[in-house]
Structure formats: C-alpha cells, structure tokens
Protein chains: 2
Amino acid sequence: MLGTARPTAVNLRWALDRMVRVAQDTGGGGADLWERLRVEATTIWEEDRAMCRKIGEYGLTILPDGANVLTHCNTGALATGGIGTALAPVYLAHEQGSKVHVYVDETRPLLQGSRLTVWELMHAGIACTLITDGAAGTLMRQAKVDVVLVGADRICANGDFANKIGTYGLAVLARHHGVPFYCAAPWSTVDATLADGDLIPIEQRAASEVTVMAGRAIAPDGAAALNPAFDVTPARYVTGFITDRGVVQPPFGS
Amino acid sequence: MLGTARPTAVNLRWALDRMVRVAQDTGGGGADLWERLRVEATTIWEEDRAMCRKIGEYGLTILPDGANVLTHCNTGALATGGIGTALAPVYLAHEQGSKVHVYVDETRPLLQGSRLTVWELMHAGIACTLITDGAAGTLMRQAKVDVVLVGADRICANGDFANKIGTYGLAVLARHHGVPFYCAAPWSTVDATLADGDLIPIEQRAASEVTVMAGRAIAPDGAAALNPAFDVTPARYVTGFITDRGVVQPPFGS
C-alpha cells in the first residue's frame with residue numbers, strides 16, 4: 001500500500017524494494033526476520049543521513065555567501081532522515097556561520113512551506129520569510145532572489161523531473177530573470193527507466209484540498225477544482241542537479 | 001479615508017474626486033446636497049455599467065470561440081457596477097451562447113478567486129475550474145489556456161500596470177508559452193501622471209493575511225511573512241489593453 005501511496009515519487013518505492021528483498025532473502029520468519037528488517041531500516045536511515053550531508057556539501061559550492069534562497073514545499077529535516085535535500089546546503093551554510101536567508105513559498109494547497117519548512121528553519125535559527133506562491137515572480141523581478149533550490153520526487157534519464165506543483169512555474173520565472181535554478185535530490189530519485197518527464201505519472205488529488213482549508217470551505221459548494229499534486233520541469237530549465245554524487249548534468253544512467 | 005484605503009488603485013480615487021467636486025459646486029447643503037450626490041453616484045454607476053459592457057464588446061473581438069480563459073483575482077460583477085472588466089468578455093460570450101470556460105486562480109492570500117470569481121461564474125452558469133496559483137504554469141505548458149485576462153488597479157502612461165499579486169508571474173508564464181495576455185480595465189484606470197510602473201505605490205498588507213486563514217494559524221507563531229498586495233507588470237508583457245475605448249496599446253495620454 002505504501003508503494004502505491006505516492007505514484008509520482010520514486011525513492012519511497014526504492015526503500016520499500018530494499019525491505020522486500022531482505023524479507024525474501026531471509027529464510028524462516030519471526031524474530032530473525034524482524035531483526036533483519038530493523039537492521040536494514042536503520043541502514044537506510046544512516047545512508048539517508050550521510051547522503052543528505054553530501055548533498056549539502058556539494059550544494060554549498062554553488063551557494064553564494066549571504067545568499068537569498070527561494071524554496072518550494074518541504075525538503076528539509078522533516079522530509080528526510082538527515083538535513084534534507086534542497087535545504088541541506090542551507091543548513092550547512094548556517095552551521096558554518098555563513099549568512100543565509102530563505103524565502104519560503106507557502107506551497108498551496110497543502111501548505112508544506114508554511115507549516116513545515118518555516119517551522120524547521122525557525123527551529124534551526126535560520127532567517128526565513130514566508131511568501132504566497134504568487135509573490136515569487138515579483139521578488140525575482142526585484143532581484144531579491146539569488147538562487148532557487150527545490151527537491152524532486154522523480155528524475156528521468158534525460159533530467160526532466162517531477163516535484164510539488166508550482167515548481168515548473170518557478171523554473172520558468174528563474175530562467176526569465178537569470179536566477180540559477182537547482183534541483184537537489186539523492187541519486188535514488190533518478191529513475192533511469194523513464195526516458196523523459198512525459199512518462200512520469202502525476203498524482204491527481206482531491207478537489208477538496210483546494211476548496212477546503214483547515215476544515216472550512218473557502219470556495220462555494222460544488223465548485224470544480226483541479227488539483228495536480230506535482231508538475232514536471234524539463235531538464236533545460238535546471239542549472240544543475242545537486243546529488244550525493246556531486247553537482248551533475250543529465251543524461252543520467254542507473 | 002476611502003481615498004487612501006487602496007493606494008495602488010486609481011479609479012476609486014477618481015470616483016471620490018467626482019463626488020467631492022459635486023459637493024464643492026453645490027451651494028448650501030442639506031437635502032439639496034444629498035440629492036445631487038445621489039444623482040452623481042447613480043450617474044457613476046450607470047456609466048460604470050455601460051463601460052463594463054463596452055469592455056466586454058471589445059474583449060469579445062479577441063476571445064476565441066470555445067476559449068479556455070485563465071483569470072486572476074476578481075474582476076467581475078462583484079467588483080464593478082456592471083459585468084466587470086476582465087470577466088466582461090466572458091459574460092458576453094456566454095450571453096451569446098458561445099462556449100467558454102474559465103480557469104480561476106484562487107489568488108492567495110485573500111482568495112478572491114475561490115471566494116468571489118468562482119461564486120459569480122457558477123451563479124451565471126459559466127463553466128469554471130478553480131486552481132491554485134502555482135498550477136497556472138503547468139496548465140499553460142499543457143496548452144490548456146488560450147488566453148489570460150486580468151484586470152488592473154492602475155495603468156501608467158507607458159502601459160505598465162499594477163494588479164493583484166501574482167499577475168506579473170502569470171504575464172511571464174504567458175509570454176514564455178506564447179499565450180496572449182490581456183489587461184482589461186476602464187479608461188479611468190489610466191493614471192497618465194505616472195510615467196512608468198516604478199512610480200506606482202504598492203500596498204504592503206499585514207503578514208497575518210498569509211499566516212492566518214479563516215481565523216486559524218497556518219504558519220508557526222512568529223513566522224515572518226512578506227505580503228505585497230499588488231505587483232507591477234511591465235507593458236511589454238501585455239498583448240493588448242481592453243478598455244471602453246477599444247483594444248489599445250500604450251502610450252496612454254489622459
């Protein structure tokens with residue numbers, strides 16, 4: 001069930017496959033099976049922490065000192081086993097005493113930006129400012145954004161990638177304003193079996209996520225709403241992919 | 001007080017000025033003054049209705065049959081004395097039996113799209129689909145938008161115009177995807193005293209409009225938020241200005 005929970009994402013499926021393989025390779029069952037699964041899960045978690053740190057270290061190389069970063073959705077400590085993906089360079093910059101400030105897209109409809117990203121950045125003592133998704137363009141026009149850092153749910157062989165809805169619009173705006181646009185993700189997010197982004201399944205979620213907020217209707221009864229949870233950003237908009245193997249360019253093999 | 005309520009907009013100020021002029025020109029006061037003010041207000045309302053209709057008629061000339069329109073904020077019957085500005089061509093197309101469908105940006109933070117535009121379109125029996133602001137880019141990439149129609153709060157002599165936050169991002173996305181982008185507004189929205197958009201005062205509104213929704217906190221306590229209520233779209237992004245004097249191009253005199 002977990003494996004189909006998020007059709008757009010690929011590395012949840014990857015972790016589940018590892019767990020299944022351990023289960024299949026383990027003769028017998030009971031306590032022995034559970035112990036091996038626990039060890040595998042802990043290993044995945046440790047690897048995830050190390051991988052986030054590597055993404056952060058590679059990401060630091062493209063982060064200007066005193067940078068104003070714009071990010072979308074949540075890609076930090078709340079979404080990973082470590083310091084995150086797109087937020088990892090921000091955490092490391094802060095850890096090293098560099099000034100860094102993050103503009104956080106609220107990320108409608110589920111508000112992962114307001115509810116999660118702002119919370120964890122405040123918790124870490126990192127300066128951040130919440131904005132509505134519609135304000136990103138005008139901030140770029142005012143030259144207030146030095147770099148856009150986003151995550152990815154799935155990256156195709158040609159570098160097209162799926163991420164939370166709104167990412168594609170940011171990519172176009174960044175390109176238009178000459179703002180570097182980086183996608184940060186672990187290598188396990190690469191799905192080399194998909195040639196390009198047109199092949200990524202996009203999860204369509206309930207209209208009520210758009211029409212209802214915090215339990216209260218914010219649109220008329222019966223209003224039709226479209227709620228694609230993700231969008232696809234073609235590789236040509238991406239300045240570079242910050243991975244645990246370095247800042248890289250497509251095409252990506254396995 | 002009404003005159004300073006919305007510094008970015010210009011035609012509220014224009015209507016108030018007309019009322020003040022009538023008051024100043026009226027000798028005496030009391031019943032005679034109130035009667036003249038009532039007549040002037042009714043005249044402004046009638047003019048507004050006629051003007052909306054003209055905008056609609058001129059707008060029809062650029063609206064393809066069966067068009068999928070994308071709009072932002074509320075520019076319809078709820079915002080004007082008549083059938084609106086950017087929505088006026090949509091109302092007339094529907095009145096004439098043409099098929100038309102409107103994608104409505106919810107328009108964070110105040111959700112004028114979800115709360116007002118969707119309501120009035122549903123009320124008029126016009127097909128519409130609510131989307132989050134961040135979904136507009138991907139819809140354009142999928143060629144689902146034939147034309148973008150937005151309103152304006154103030155139009156400068158060179159054609160730069162202020163409108164609800166998020167309009168500028170839409171303009172960039174429309175340009176990038178080759179989607180025609182029209183600004184519809186009465187001629188009274190032109191402020192020929194301002195040479196360009198850099199001179200338009202942008203109303204900064206309370207952070208709580210971003211951090212609180214329907215009375216409930218949607219961001220952590222103490223979160224910093226930026227809330228510019230409007231943005232400026234440079235004239236070069238605008239395919240044409242649909243006014244009560246025709247579909248026109250800048251520069252605009254008085």
# chains A, B, ... in the order shown; residues from 1 in each chain; ligands from 1

$ select_by_dssp --residues "segment 112-243 of chain B" --states "strand (DSSP E)" --output "number ranges by chain"
B: 127-131, 147-150, 154-156, 161-164, 181-184, 190-191, 212-213, 216-217, 230-233, 240-243

$ write_last_selection --atoms "C-alpha atoms" --output "tab-separated table (two decimals), in the first residue's frame"
chain	number	residue	atom	x	y	z
B	127	ALA	CA	-18.14	26.72	-16.69
B	128	CYS	CA	-15.15	27.30	-14.42
B	129	THR	CA	-12.40	25.36	-12.67
B	130	LEU	CA	-10.59	26.56	-9.59
B	131	ILE	CA	-6.80	26.07	-9.45
B	147	VAL	CA	-5.86	33.48	-23.27
B	148	VAL	CA	-5.11	35.18	-19.95
B	149	LEU	CA	-7.47	38.00	-18.94
B	150	VAL	CA	-6.67	40.13	-15.90
B	154	ARG	CA	-3.66	51.44	-12.09
B	155	ILE	CA	-2.20	51.77	-15.57
B	156	CYS	CA	0.73	54.13	-16.19
B	161	PHE	CA	0.17	48.35	-14.72
B	162	ALA	CA	-0.47	47.30	-11.13
B	163	ASN	CA	-2.79	44.43	-10.33
B	164	LYS	CA	-3.24	41.79	-7.62
B	181	PHE	CA	-2.12	38.12	-22.16
B	182	TYR	CA	-4.70	40.94	-21.98
B	183	CYS	CA	-5.32	43.56	-19.33
B	184	ALA	CA	-8.96	44.75	-19.21
B	190	VAL	CA	-5.14	55.07	-16.61
B	191	ASP	CA	-3.04	57.41	-14.50
B	212	VAL	CA	-3.73	33.01	9.23
B	213	MET	CA	-6.58	31.56	7.18
B	216	ARG	CA	-6.76	29.66	12.07
B	217	ALA	CA	-2.96	29.87	12.11
B	230	PHE	CA	-0.08	44.05	-5.75
B	231	ASP	CA	2.65	43.70	-8.30
B	232	VAL	CA	3.61	45.65	-11.40
B	233	THR	CA	3.57	44.09	-14.86
B	240	GLY	CA	-3.35	44.48	-25.55
B	241	PHE	CA	-5.36	46.63	-23.17
B	242	ILE	CA	-9.10	46.02	-23.42
B	243	THR	CA	-10.75	49.32	-22.47

$ interface_residues --of "chain A" --to "chain B" --cutoff "7 Å" --atoms "only C-alpha atoms" --output "PyMOL selection string"
chain A and resi 108-109+114-115+119+128-135+137-138+165-166+168-169+172-173+210+218-220+224-227+231

$ write_last_selection --atoms "N, CA and C atoms" --output "compact mmCIF listing (two decimals), in the first residue's frame"
# COMPACT_ATOMS: atom_id res chain seq x y z
N ARG A 108 0.75 26.05 -1.83
CA ARG A 108 -0.63 25.57 -1.87
C ARG A 108 -0.72 24.35 -2.76
N PRO A 109 -1.66 23.43 -2.51
CA PRO A 109 -2.72 23.59 -1.50
C PRO A 109 -2.35 23.11 -0.09
N SER A 114 4.54 26.78 4.58
CA SER A 114 4.17 27.49 5.82
C SER A 114 4.23 26.59 7.03
N ARG A 115 3.72 25.37 6.87
CA ARG A 115 3.54 24.50 8.04
C ARG A 115 4.83 23.78 8.43
N TRP A 119 8.62 26.23 9.87
CA TRP A 119 8.78 25.70 11.23
C TRP A 119 10.20 25.20 11.46
N CYS A 128 14.18 33.29 7.72
CA CYS A 128 13.31 32.92 6.61
C CYS A 128 12.09 33.83 6.56
N THR A 129 11.54 33.97 5.37
CA THR A 129 10.37 34.81 5.15
C THR A 129 9.37 34.03 4.31
N LEU A 130 8.18 33.92 4.82
CA LEU A 130 7.11 33.20 4.12
C LEU A 130 6.49 34.12 3.07
N ILE A 131 6.23 33.56 1.88
CA ILE A 131 5.52 34.32 0.84
C ILE A 131 4.43 33.44 0.22
N THR A 132 3.46 34.08 -0.40
CA THR A 132 2.49 33.31 -1.18
C THR A 132 3.18 32.86 -2.47
N ASP A 133 2.70 31.78 -3.06
CA ASP A 133 3.33 31.26 -4.28
C ASP A 133 3.33 32.32 -5.39
N GLY A 134 2.29 33.14 -5.41
CA GLY A 134 2.16 34.15 -6.46
C GLY A 134 3.12 35.31 -6.34
N ALA A 135 3.82 35.42 -5.21
CA ALA A 135 4.73 36.55 -4.99
C ALA A 135 6.14 36.28 -5.49
N GLY A 137 7.44 35.63 -8.43
CA GLY A 137 7.84 36.31 -9.66
C GLY A 137 8.28 37.73 -9.41
N THR A 138 7.51 38.45 -8.62
CA THR A 138 7.84 39.86 -8.39
C THR A 138 9.11 39.99 -7.54
N ILE A 165 3.64 20.66 -7.20
CA ILE A 165 3.00 21.60 -8.11
C ILE A 165 3.47 23.05 -7.80
N GLY A 166 3.80 23.76 -8.84
CA GLY A 166 4.32 25.12 -8.68
C GLY A 166 5.80 25.21 -9.01
N TYR A 168 7.41 24.01 -11.63
CA TYR A 168 7.64 24.35 -13.04
C TYR A 168 7.53 25.87 -13.26
N GLY A 169 6.50 26.47 -12.67
CA GLY A 169 6.34 27.93 -12.80
C GLY A 169 7.55 28.67 -12.26
N VAL A 172 10.43 28.49 -14.77
CA VAL A 172 10.27 29.43 -15.88
C VAL A 172 10.62 30.85 -15.41
N LEU A 173 10.13 31.21 -14.24
CA LEU A 173 10.42 32.55 -13.71
C LEU A 173 11.92 32.73 -13.47
N VAL A 210 -8.15 21.92 -2.37
CA VAL A 210 -8.13 23.30 -2.85
C VAL A 210 -9.32 24.10 -2.31
N ILE A 218 -13.49 27.21 1.56
CA ILE A 218 -13.01 28.51 1.09
C ILE A 218 -13.46 28.76 -0.35
N ALA A 219 -14.31 27.88 -0.87
CA ALA A 219 -14.89 28.07 -2.21
C ALA A 219 -16.35 27.64 -2.11
N PRO A 220 -17.19 28.10 -3.05
CA PRO A 220 -18.61 27.74 -2.98
C PRO A 220 -18.80 26.23 -3.06
N ALA A 224 -15.88 23.25 -8.99
CA ALA A 224 -14.95 22.30 -9.60
C ALA A 224 -13.53 22.82 -9.38
N ALA A 225 -12.63 21.92 -9.01
CA ALA A 225 -11.23 22.33 -8.83
C ALA A 225 -10.33 21.25 -9.38
N LEU A 226 -9.20 21.70 -9.94
CA LEU A 226 -8.20 20.80 -10.49
C LEU A 226 -7.06 20.78 -9.48
N ASN A 227 -6.58 19.59 -9.12
CA ASN A 227 -5.54 19.52 -8.09
C ASN A 227 -4.44 18.52 -8.42
N ASP A 231 4.15 18.70 -10.70
CA ASP A 231 4.30 19.07 -12.10
C ASP A 231 5.68 18.60 -12.56

$ residues_around --residues "Gly84 of chain B" --least-positions-apart "4" --cutoff "10 Å" --atoms "only C-alpha atoms" --output "PyMOL selection string"
chain B and resi 48-49+51-53+55-56+74-80+88-91+151+184-186

$ write_last_selection --atoms "C-alpha atoms" --output "short mmCIF file (atom, residue, chain, number, x, y, z; two decimals), in the first residue's frame"
data_model
loop_
_atom_site.label_atom_id
_atom_site.label_comp_id
_atom_site.auth_asym_id
_atom_site.auth_seq_id
_atom_site.Cartn_x
_atom_site.Cartn_y
_atom_site.Cartn_z
CA ASP B 48 -19.79 52.00 -14.95
CA ARG B 49 -22.38 49.54 -16.27
CA MET B 51 -18.33 50.95 -19.62
CA CYS B 52 -18.17 47.29 -18.49
CA ARG B 53 -20.41 46.37 -21.40
CA ILE B 55 -15.07 46.45 -22.40
CA GLY B 56 -16.95 43.19 -22.89
CA ASN B 74 -11.96 39.10 -9.04
CA THR B 75 -12.82 41.47 -11.87
CA GLY B 76 -16.46 40.62 -12.39
CA ALA B 77 -19.92 41.74 -11.34
CA LEU B 78 -18.92 41.70 -7.68
CA ALA B 79 -16.11 44.21 -8.25
CA THR B 80 -17.90 46.66 -10.55
CA ALA B 88 -16.94 41.15 -19.17
CA PRO B 89 -16.00 39.40 -22.45
CA VAL B 90 -16.65 36.06 -20.74
CA TYR B 91 -20.15 37.17 -19.66
CA GLY B 151 -7.80 43.49 -14.56
CA ALA B 184 -8.96 44.75 -19.21
CA ALA B 185 -9.80 47.99 -17.46
CA PRO B 186 -11.88 51.14 -17.79
#

$ select_by_dssp --residues "segment 130-177 of chain B" --states "helix (DSSP H, G or I)" --output "list in words"
Asp133, Gly134, Ala135, Ala136, Gly137, Thr138, Leu139, Met140, Arg141, Thr167, Tyr168, Gly169, Leu170, Ala171, Val172, Leu173, Ala174, Arg175, His176 and His177 of chain B

$ closest_residue --among "B:Pro201, B:Pro180, B:Gly81, B:Pro250" --to "Val69 of chain B" --atoms "only C-alpha atoms"
B:Pro180

$ closest_residue --among "A:Ala143, A:Leu199, A:Leu12, A:Met19" --to "Glu35 of chain A" --atoms "only C-alpha atoms"
A:Met19
